[in-house]
file input-v7.tsv (TSV, C-alpha atoms)
chain	number	residue	atom	x	y	z
A	220	MET	CA	81.37	106.91	70.19
A	221	ASN	CA	84.22	104.99	71.76
A	222	LYS	CA	83.55	104.73	75.51
A	223	PRO	CA	86.66	105.47	77.54
A	224	ARG	CA	87.08	104.92	81.24
A	225	VAL	CA	86.55	107.92	83.50
A	226	LYS	CA	88.81	109.41	86.15
A	227	VAL	CA	87.10	111.95	88.38
A	228	CYS	CA	89.84	114.19	89.70
A	229	CYS	CA	90.15	116.72	92.54
A	230	VAL	CA	88.00	114.57	94.82
A	231	SER	CA	87.79	116.56	98.05
A	232	SER	CA	85.64	114.50	100.42
A	233	VAL	CA	84.40	111.01	101.15
A	234	GLU	CA	80.97	112.07	99.85
A	235	GLU	CA	82.42	113.25	96.53
A	236	ALA	CA	84.24	109.93	96.21
A	237	LYS	CA	80.98	108.05	96.78
A	238	ILE	CA	79.18	110.13	94.13
A	239	ALA	CA	81.90	109.47	91.55
A	240	ILE	CA	81.94	105.75	92.30
A	241	ARG	CA	78.15	105.50	92.20
A	242	TYR	CA	77.98	106.89	88.67
A	243	GLY	CA	80.74	104.66	87.35
A	244	ALA	CA	84.13	106.33	87.75
A	245	SER	CA	87.01	103.93	87.20
A	246	ALA	CA	89.49	106.13	89.07
A	247	LEU	CA	89.52	108.89	91.67
A	248	GLY	CA	92.15	111.62	91.59
A	249	LEU	CA	93.41	112.74	95.01
A	250	VAL	CA	95.52	115.89	94.89
A	251	SER	CA	98.35	116.26	97.41
A	252	ASP	CA	100.43	119.42	97.88
A	253	MET	CA	100.87	121.42	94.65
A	254	PRO	CA	102.51	124.75	93.77
A	255	SER	CA	99.21	125.93	92.25
A	256	GLY	CA	95.81	124.72	91.09
A	257	PRO	CA	92.59	123.39	92.63
A	258	GLY	CA	91.66	120.35	94.64
A	259	VAL	CA	94.54	120.07	97.10
A	260	ILE	CA	93.54	118.16	100.22
A	261	SER	CA	95.42	116.99	103.30
A	262	GLU	CA	97.12	113.63	103.44
A	263	ASP	CA	94.86	112.69	106.36
A	264	LEU	CA	91.81	113.24	104.16
A	265	ILE	CA	93.39	111.34	101.26
A	266	LEU	CA	93.87	108.36	103.59
A	267	LYS	CA	90.22	108.50	104.69
A	268	ILE	CA	89.02	108.54	101.08
A	269	VAL	CA	91.34	105.69	100.04
A	270	LYS	CA	89.85	103.50	102.76
A	271	ILE	CA	86.37	103.61	101.17
A	272	VAL	CA	87.47	103.04	97.56
A	273	PRO	CA	86.22	99.59	96.45
A	274	PRO	CA	88.27	97.01	94.56
A	275	GLY	CA	88.32	97.76	90.86
A	276	VAL	CA	88.46	101.53	91.29
A	277	ALA	CA	91.88	103.17	91.12
A	278	SER	CA	92.91	105.49	93.95
A	279	VAL	CA	95.22	107.92	92.17
A	280	LEU	CA	97.58	110.13	94.16
A	281	LEU	CA	98.60	113.28	92.30
A	282	THR	CA	102.06	114.20	93.53
A	283	SER	CA	104.35	117.10	92.61
A	284	MET	CA	107.31	115.50	94.37
A	285	GLN	CA	110.35	115.00	92.16
A	286	ASN	CA	112.41	112.64	94.32
A	287	ILE	CA	111.38	108.99	94.16
A	288	ASP	CA	112.26	108.41	97.82
A	289	ASP	CA	109.71	111.05	98.79
A	290	ILE	CA	107.10	109.55	96.46
A	291	ILE	CA	107.70	106.06	97.86
A	292	GLU	CA	107.26	107.35	101.41
A	293	GLN	CA	104.06	109.16	100.41
A	294	GLN	CA	102.57	106.07	98.77
A	295	ARG	CA	103.39	103.81	101.69
A	296	LYS	CA	101.68	106.26	104.03
A	297	LEU	CA	98.55	106.78	101.92
A	298	LYS	CA	98.12	103.26	100.49
A	299	VAL	CA	96.99	104.42	97.04
A	300	ASN	CA	97.21	101.91	94.20
A	301	THR	CA	98.23	104.45	91.54
A	302	ILE	CA	100.72	107.34	91.47
A	303	GLN	CA	100.26	110.26	89.06
A	304	ILE	CA	103.48	112.25	88.70
A	305	VAL	CA	102.58	115.77	87.56
A	306	ASP	CA	106.14	117.10	87.25
A	307	GLU	CA	109.41	115.61	86.00
A	308	LEU	CA	111.56	113.45	88.23
A	309	LYS	CA	114.82	115.03	89.39
A	310	SER	CA	116.12	112.19	91.58
A	311	GLY	CA	115.63	108.56	90.62
A	312	THR	CA	113.80	107.06	87.65
A	313	HIS	CA	110.33	105.80	86.90
A	314	ARG	CA	111.77	102.29	86.56
A	315	GLU	CA	113.29	102.47	90.04
A	316	LEU	CA	109.98	103.75	91.39
A	317	LYS	CA	108.09	100.82	89.89
A	318	GLN	CA	110.60	98.37	91.31
A	319	ALA	CA	110.18	99.87	94.77
A	320	LEU	CA	106.37	99.83	94.60
A	321	PRO	CA	105.32	96.50	93.06
A	322	GLY	CA	101.65	96.43	92.17
A	323	VAL	CA	101.35	100.21	92.13
A	324	SER	CA	100.63	101.75	88.71
A	325	ILE	CA	102.62	104.78	87.57
A	326	ILE	CA	101.05	107.49	85.43
A	327	GLN	CA	103.24	110.28	84.10
A	328	VAL	CA	101.63	113.59	83.18
A	329	ILE	CA	102.70	115.09	79.86
A	330	HIS	CA	101.85	118.77	79.49
A	331	VAL	CA	100.95	119.23	75.83
A	332	ASN	CA	102.45	122.54	74.75
A	333	GLY	CA	103.78	121.41	71.39
A	334	GLU	CA	105.18	118.50	69.39
A	335	GLU	CA	107.99	118.09	71.96
A	336	ALA	CA	105.41	116.36	74.17
A	337	ILE	CA	105.55	113.37	71.84
A	338	GLN	CA	109.31	112.96	72.26
A	339	GLU	CA	108.98	113.27	76.03
A	340	ALA	CA	106.43	110.47	76.02
A	341	LEU	CA	108.49	108.25	73.74
A	342	SER	CA	111.47	108.59	76.08
A	343	LEU	CA	109.43	107.28	79.03
A	344	GLU	CA	106.95	104.80	77.58
A	345	ASP	CA	108.97	101.75	78.67
A	346	GLN	CA	108.99	102.93	82.29
A	347	VAL	CA	105.37	103.88	83.00
A	348	ASP	CA	101.92	102.28	82.88
A	349	ALA	CA	100.14	105.23	81.25
A	350	PHE	CA	100.42	108.87	80.28
A	351	LEU	CA	97.99	111.61	81.21
A	352	LEU	CA	97.88	114.45	78.70
A	353	ASP	CA	97.10	117.76	80.37
A	354	THR	CA	97.29	121.51	79.92
A	355	GLY	CA	100.03	122.95	82.10
A	356	ASN	CA	103.44	124.58	82.12
A	357	ARG	CA	106.37	123.34	84.21
A	358	SER	CA	108.67	126.18	83.14
A	359	LEU	CA	106.83	129.03	84.87
A	360	ARG	CA	108.15	130.54	88.10
A	361	VAL	CA	105.03	129.17	89.80
A	362	LYS	CA	104.49	125.92	87.96
A	363	ILE	CA	101.07	125.10	86.53
A	364	LEU	CA	100.80	121.32	86.80
A	365	GLY	CA	97.13	120.75	86.01
A	366	GLY	CA	93.62	121.75	86.98
A	367	THR	CA	93.60	124.69	84.56
A	368	GLY	CA	90.18	124.05	83.04
A	369	ARG	CA	91.76	124.74	79.63
A	370	THR	CA	92.01	122.43	76.62
A	371	HIS	CA	95.15	121.93	74.55
A	372	ASP	CA	95.82	120.92	70.94
A	373	TRP	CA	94.03	117.59	70.59
A	374	THR	CA	95.70	116.91	67.24
A	375	ILE	CA	99.00	116.61	69.12
A	376	SER	CA	97.32	114.42	71.75
A	377	ASP	CA	96.01	112.12	69.02
A	378	LYS	CA	99.43	111.91	67.38
A	379	LEU	CA	101.01	111.14	70.74
A	380	ARG	CA	98.45	108.41	71.45
A	381	ARG	CA	99.23	106.78	68.12
A	382	SER	CA	102.98	107.03	68.77
A	383	VAL	CA	103.17	105.23	72.11
A	384	LYS	CA	102.19	101.76	73.27
A	385	VAL	CA	100.82	102.59	76.72
A	386	PRO	CA	97.30	103.84	77.52
A	387	ILE	CA	96.48	107.54	77.33
A	388	PHE	CA	94.34	109.54	79.75
A	389	LEU	CA	93.07	112.80	78.24
A	390	ALA	CA	92.65	115.76	80.60
A	391	GLY	CA	92.43	119.54	80.36
A	392	GLY	CA	89.20	121.49	80.11
A	393	LEU	CA	86.91	118.54	79.41
A	394	ASN	CA	83.21	118.94	80.17
A	395	THR	CA	79.76	117.83	79.01
A	396	ASN	CA	79.90	120.21	76.04
A	397	ASN	CA	83.15	119.04	74.46
A	398	ILE	CA	83.62	115.45	75.63
A	399	GLN	CA	82.18	113.85	72.51
A	400	GLU	CA	84.47	115.86	70.23
A	401	ALA	CA	87.48	115.12	72.46
A	402	ILE	CA	86.85	111.38	72.38
A	403	GLU	CA	86.30	111.35	68.64
A	404	LYS	CA	89.52	113.27	67.98
A	405	VAL	CA	91.87	111.60	70.47
A	406	LYS	CA	90.31	108.18	71.18
A	407	PRO	CA	91.86	107.99	74.66
A	408	PHE	CA	91.85	104.98	76.95
A	409	ALA	CA	90.39	107.23	79.66
A	410	VAL	CA	89.25	110.79	80.23
A	411	ASP	CA	90.01	112.89	83.30
A	412	LEU	CA	87.76	115.67	84.61
A	413	CYS	CA	88.05	118.14	87.46
A	414	SER	CA	86.48	121.58	86.94
A	415	GLY	CA	84.15	120.28	84.22
A	416	LEU	CA	82.11	118.37	86.82
A	417	ARG	CA	82.07	121.09	89.47
A	418	THR	CA	79.94	124.06	90.47
A	419	ASN	CA	81.47	126.62	92.85
A	420	GLY	CA	84.30	124.18	93.49
A	421	LYS	CA	82.05	121.30	94.57
A	422	LEU	CA	81.41	118.10	92.65
A	423	ASP	CA	78.01	118.63	91.03
A	424	GLU	CA	75.98	115.42	90.96
A	425	THR	CA	73.77	116.76	88.16
A	426	LYS	CA	76.83	117.37	85.97
A	427	VAL	CA	78.25	113.95	86.87
A	428	SER	CA	74.98	112.27	85.94
A	429	LEU	CA	74.74	114.13	82.63
A	430	PHE	CA	78.35	113.36	81.79
A	431	PHE	CA	77.89	109.62	82.22
A	432	GLN	CA	74.65	109.76	80.25
A	433	ILE	CA	76.53	111.37	77.36
A	434	LEU	CA	79.21	108.66	77.50
A	435	GLN	CA	76.57	105.95	77.33
A	436	SER	CA	74.68	107.53	74.43

call {"tool": "encode", "arguments": {"input": "input-v7.tsv", "output": "C-alpha cells"}}
result
Amino acid sequence: MNKPRVKVCCVSSVEEAKIAIRYGASALGLVSDMPSGPGVISEDLILKIVKIVPPGVASVLLTSMQNIDDIIEQQRKLKVNTIQIVDELKSGTHRELKQALPGVSIIQVIHVNGEEAIQEALSLEDQVDAFLLDTGNRSLRVKILGGTGRTHDWTISDKLRRSVKVPIFLAGGLNTNNIQEAIEKVKPFAVDLCSGLRTNGKLDETKVSLFFQILQS
C-alpha cells in the first residue's frame, strides 16, 4: 500500500497536538471560526498549539474567511505555516495571497459533489500548493465546509488527482476501517482525518495508534 502523509485535523488542545506528533502526523489541522462543523477552537488556543509544533510538521489553519486581507491578518497573528481555505475566495486571489505570505503554503479545499470539482481544481492549480478533497456543500444556507464524517465518490477524487499537477489531500469520513481502500483507490499525497480518530469528540490515542499501524503494514 502506498504510504501517504497524515494530517490530523480538528486538533483541540496542546495534548492532542502532542499525541498526533508522537505517532507521526505530518500536519495538524487547527479549525478557526466556521459556520458549522466540529473542532472549532479559539485563536488564542491555536496560537498556543502552533508554538509547540516542531520543525517539519505543518501547522494548518482552517479558515472560512473569503477576503484575502482577512486571511493575511489571521495568519500574521497566528503564525501558522499553512493556510487551508475551506470556502471560495470572494475578494482577492490565491496568487495575491501567496505573494503576500511568502513561505506560507496554500491549500484549497474542493468539495467533491460531482465532476465539476475537477474543473474547479483545474482553474486553480497554478495558484495553490495543494488541494484537499472533502465532503461538504458551500451552497446550503448554513454552509457545510468539512468535518462531516462522510465519504464522497472516490472515483471522482482519483480522476481529479490524475488531472492536476499539485498534491492531493484526501479527507471525508476516513477511518481505520476504510483507509486502505481509500488509499488504493485515490493514491493521495496525504490523508486527512478528524472524526475517524475521535471518541466522544476527543482524539483517541488507541485509534491514532491503530491507524498508524495500518499505514505501516

call {"tool": "residues_around", "arguments": {"input": "input-v7.tsv", "residues": "Pro273 (chain A)", "least_positions_apart": "2", "cutoff": "12 Å", "atoms": "only C-alpha atoms", "output": "list in words"}}
result
Ala236, Lys237, Ala239, Ile240, Arg241, Gly243, Ala244, Ser245, Ala246, Leu247, Ile268, Val269, Lys270, Ile271, Gly275, Val276, Ala277, Ser278, Val299 and Asn300 of chain A

call {"tool": "residues_around", "arguments": {"input": "input-v7.tsv", "residues": "Ser324 (chain A)", "least_positions_apart": "4", "cutoff": "10 Å", "atoms": "only C-alpha atoms", "output": "NGL selection string"}}
result
:A and (277 or 279 or 299-303 or 316-317 or 320 or 347-349)

call {"tool": "write_last_selection", "arguments": {"input": "input-v7.tsv", "atoms": "C-alpha atoms", "output": "mmCIF file, keeping the file's coordinate frame"}}
result
data_model
loop_
_atom_site.group_PDB
_atom_site.id
_atom_site.type_symbol
_atom_site.label_atom_id
_atom_site.label_comp_id
_atom_site.auth_asym_id
_atom_site.auth_seq_id
_atom_site.Cartn_x
_atom_site.Cartn_y
_atom_site.Cartn_z
ATOM 1 C CA ALA A 277 91.880 103.170 91.120
ATOM 2 C CA VAL A 279 95.220 107.920 92.170
ATOM 3 C CA VAL A 299 96.990 104.420 97.040
ATOM 4 C CA ASN A 300 97.210 101.910 94.200
ATOM 5 C CA THR A 301 98.230 104.450 91.540
ATOM 6 C CA ILE A 302 100.720 107.340 91.470
ATOM 7 C CA GLN A 303 100.260 110.260 89.060
ATOM 8 C CA LEU A 316 109.980 103.750 91.390
ATOM 9 C CA LYS A 317 108.090 100.820 89.890
ATOM 10 C CA LEU A 320 106.370 99.830 94.600
ATOM 11 C CA VAL A 347 105.370 103.880 83.000
ATOM 12 C CA ASP A 348 101.920 102.280 82.880
ATOM 13 C CA ALA A 349 100.140 105.230 81.250
#

call {"tool": "atom_distance", "arguments": {"input": "input-v7.tsv", "atom1": "CA of Met284 (chain A)", "atom2": "CA of Leu249 (chain A)"}}
result
14.2 Å

call {"tool": "closest_residue", "arguments": {"input": "input-v7.tsv", "among": "A:Asp288, A:Thr395, A:Arg380, A:Leu412", "to": "Lys426 (chain A)", "atoms": "all atoms listed in the file"}}
result
A:Thr395

call {"tool": "atom_distance", "arguments": {"input": "input-v7.tsv", "atom1": "CA of Asp377 (chain A)", "atom2": "CA of Val405 (chain A)"}}
result
4.4 Å

call {"tool": "residues_around", "arguments": {"input": "input-v7.tsv", "residues": "Leu264 (chain A)", "least_positions_apart": "2", "cutoff": "12 Å", "atoms": "all atoms listed in the file", "output": "number ranges by chain"}}
result
A: 230-234, 236, 249-251, 258-262, 266-271, 280, 297

call {"tool": "residues_around", "arguments": {"input": "input-v7.tsv", "residues": "Asn394 (chain A)", "least_positions_apart": "2", "cutoff": "8 Å", "atoms": "only C-alpha atoms", "output": "number ranges by chain"}}
result
A: 392, 396-398, 412, 414-416, 430

call {"tool": "closest_residue", "arguments": {"input": "input-v7.tsv", "among": "A:Ile238, A:Ile304, A:Ile326, A:Val383", "to": "Ser342 (chain A)", "atoms": "all atoms listed in the file"}}
result
A:Val383

call {"tool": "closest_residue", "arguments": {"input": "input-v7.tsv", "among": "A:Leu281, A:Ala319, A:Ile287, A:Ile325", "to": "Val305 (chain A)", "atoms": "only C-alpha atoms"}}
result
A:Leu281

call {"tool": "atom_distance", "arguments": {"input": "input-v7.tsv", "atom1": "CA of Leu343 (chain A)", "atom2": "CA of His313 (chain A)"}}
result
8.1 Å

call {"tool": "residues_around", "arguments": {"input": "input-v7.tsv", "residues": "Glu400 (chain A)", "least_positions_apart": "6", "cutoff": "12 Å", "atoms": "all atoms listed in the file", "output": "list in words"}}
result
Met220, Asn221, Thr370, Trp373, Thr374, Leu393, Asn394, Lys406, Pro407, Ile433 and Leu434 of chain A

call {"tool": "closest_residue", "arguments": {"input": "input-v7.tsv", "among": "A:Val331, A:Leu379, A:Ala336, A:Leu389", "to": "Val227 (chain A)", "atoms": "all atoms listed in the file"}}
result
A:Leu389

call {"tool": "closest_residue", "arguments": {"input": "input-v7.tsv", "among": "A:Leu429, A:Val385, A:Leu341, A:Leu351", "to": "Asp411 (chain A)", "atoms": "only C-alpha atoms"}}
result
A:Leu351

call {"tool": "decode", "arguments": {"input": "input-v7.tsv", "residues": "region 260-324 of chain A", "atoms": "C-alpha atoms", "output": "tab-separated table (two decimals), in the first residue's frame"}}
result
chain	number	residue	atom	x	y	z
A	260	ILE	CA	-11.17	26.46	18.76
A	261	SER	CA	-10.25	30.00	19.77
A	262	GLU	CA	-7.44	31.87	18.09
A	263	ASP	CA	-5.68	32.11	21.46
A	264	LEU	CA	-5.62	28.31	21.68
A	265	ILE	CA	-4.48	28.00	18.06
A	266	LEU	CA	-1.53	30.25	18.88
A	267	LYS	CA	-0.61	28.12	21.92
A	268	ILE	CA	-0.67	24.94	19.83
A	269	VAL	CA	1.36	26.49	16.99
A	270	LYS	CA	4.11	27.37	19.46
A	271	ILE	CA	4.76	23.69	20.30
A	272	VAL	CA	4.69	22.35	16.72
A	273	PRO	CA	8.22	21.21	15.80
A	274	PRO	CA	10.00	21.97	12.51
A	275	GLY	CA	8.92	19.59	9.79
A	276	VAL	CA	5.30	19.42	10.93
A	277	ALA	CA	2.81	21.69	9.18
A	278	SER	CA	0.58	23.90	11.31
A	279	VAL	CA	-2.52	24.21	9.14
A	280	LEU	CA	-5.07	26.94	9.82
A	281	LEU	CA	-8.53	26.10	8.51
A	282	THR	CA	-10.21	29.39	7.65
A	283	SER	CA	-13.67	30.14	6.27
A	284	MET	CA	-12.74	33.75	5.52
A	285	GLN	CA	-13.25	34.77	1.90
A	286	ASN	CA	-11.32	38.04	1.82
A	287	ILE	CA	-7.56	37.68	1.44
A	288	ASP	CA	-6.89	40.74	3.63
A	289	ASP	CA	-8.67	38.99	6.49
A	290	ILE	CA	-6.77	35.76	5.87
A	291	ILE	CA	-3.44	37.61	5.79
A	292	GLU	CA	-4.24	39.30	9.09
A	293	GLN	CA	-5.24	35.95	10.62
A	294	GLN	CA	-2.03	34.24	9.50
A	295	ARG	CA	0.20	37.02	10.76
A	296	LYS	CA	-1.49	36.82	14.15
A	297	LEU	CA	-1.38	33.02	14.47
A	298	LYS	CA	1.99	32.32	12.79
A	299	VAL	CA	0.84	29.13	11.05
A	300	ASN	CA	2.93	27.88	8.14
A	301	THR	CA	-0.03	26.64	6.07
A	302	ILE	CA	-3.46	28.07	5.23
A	303	GLN	CA	-6.36	25.79	4.32
A	304	ILE	CA	-9.15	27.74	2.61
A	305	VAL	CA	-12.40	25.83	3.08
A	306	ASP	CA	-14.64	28.16	1.07
A	307	GLU	CA	-14.17	30.11	-2.17
A	308	LEU	CA	-12.44	33.47	-2.22
A	309	LYS	CA	-14.70	36.45	-2.86
A	310	SER	CA	-12.11	39.24	-2.60
A	311	GLY	CA	-8.58	38.79	-3.90
A	312	THR	CA	-6.94	35.75	-5.48
A	313	HIS	CA	-4.90	32.81	-4.31
A	314	ARG	CA	-1.94	34.21	-6.24
A	315	GLU	CA	-2.17	37.53	-4.40
A	316	LEU	CA	-2.42	35.65	-1.11
A	317	LYS	CA	0.75	33.69	-1.85
A	318	GLN	CA	2.59	36.86	-2.80
A	319	ALA	CA	1.57	38.49	0.48
A	320	LEU	CA	2.59	35.46	2.58
A	321	PRO	CA	5.92	34.19	1.22
A	322	GLY	CA	6.86	30.82	2.67
A	323	VAL	CA	3.29	30.01	3.70
A	324	SER	CA	1.68	27.10	1.84
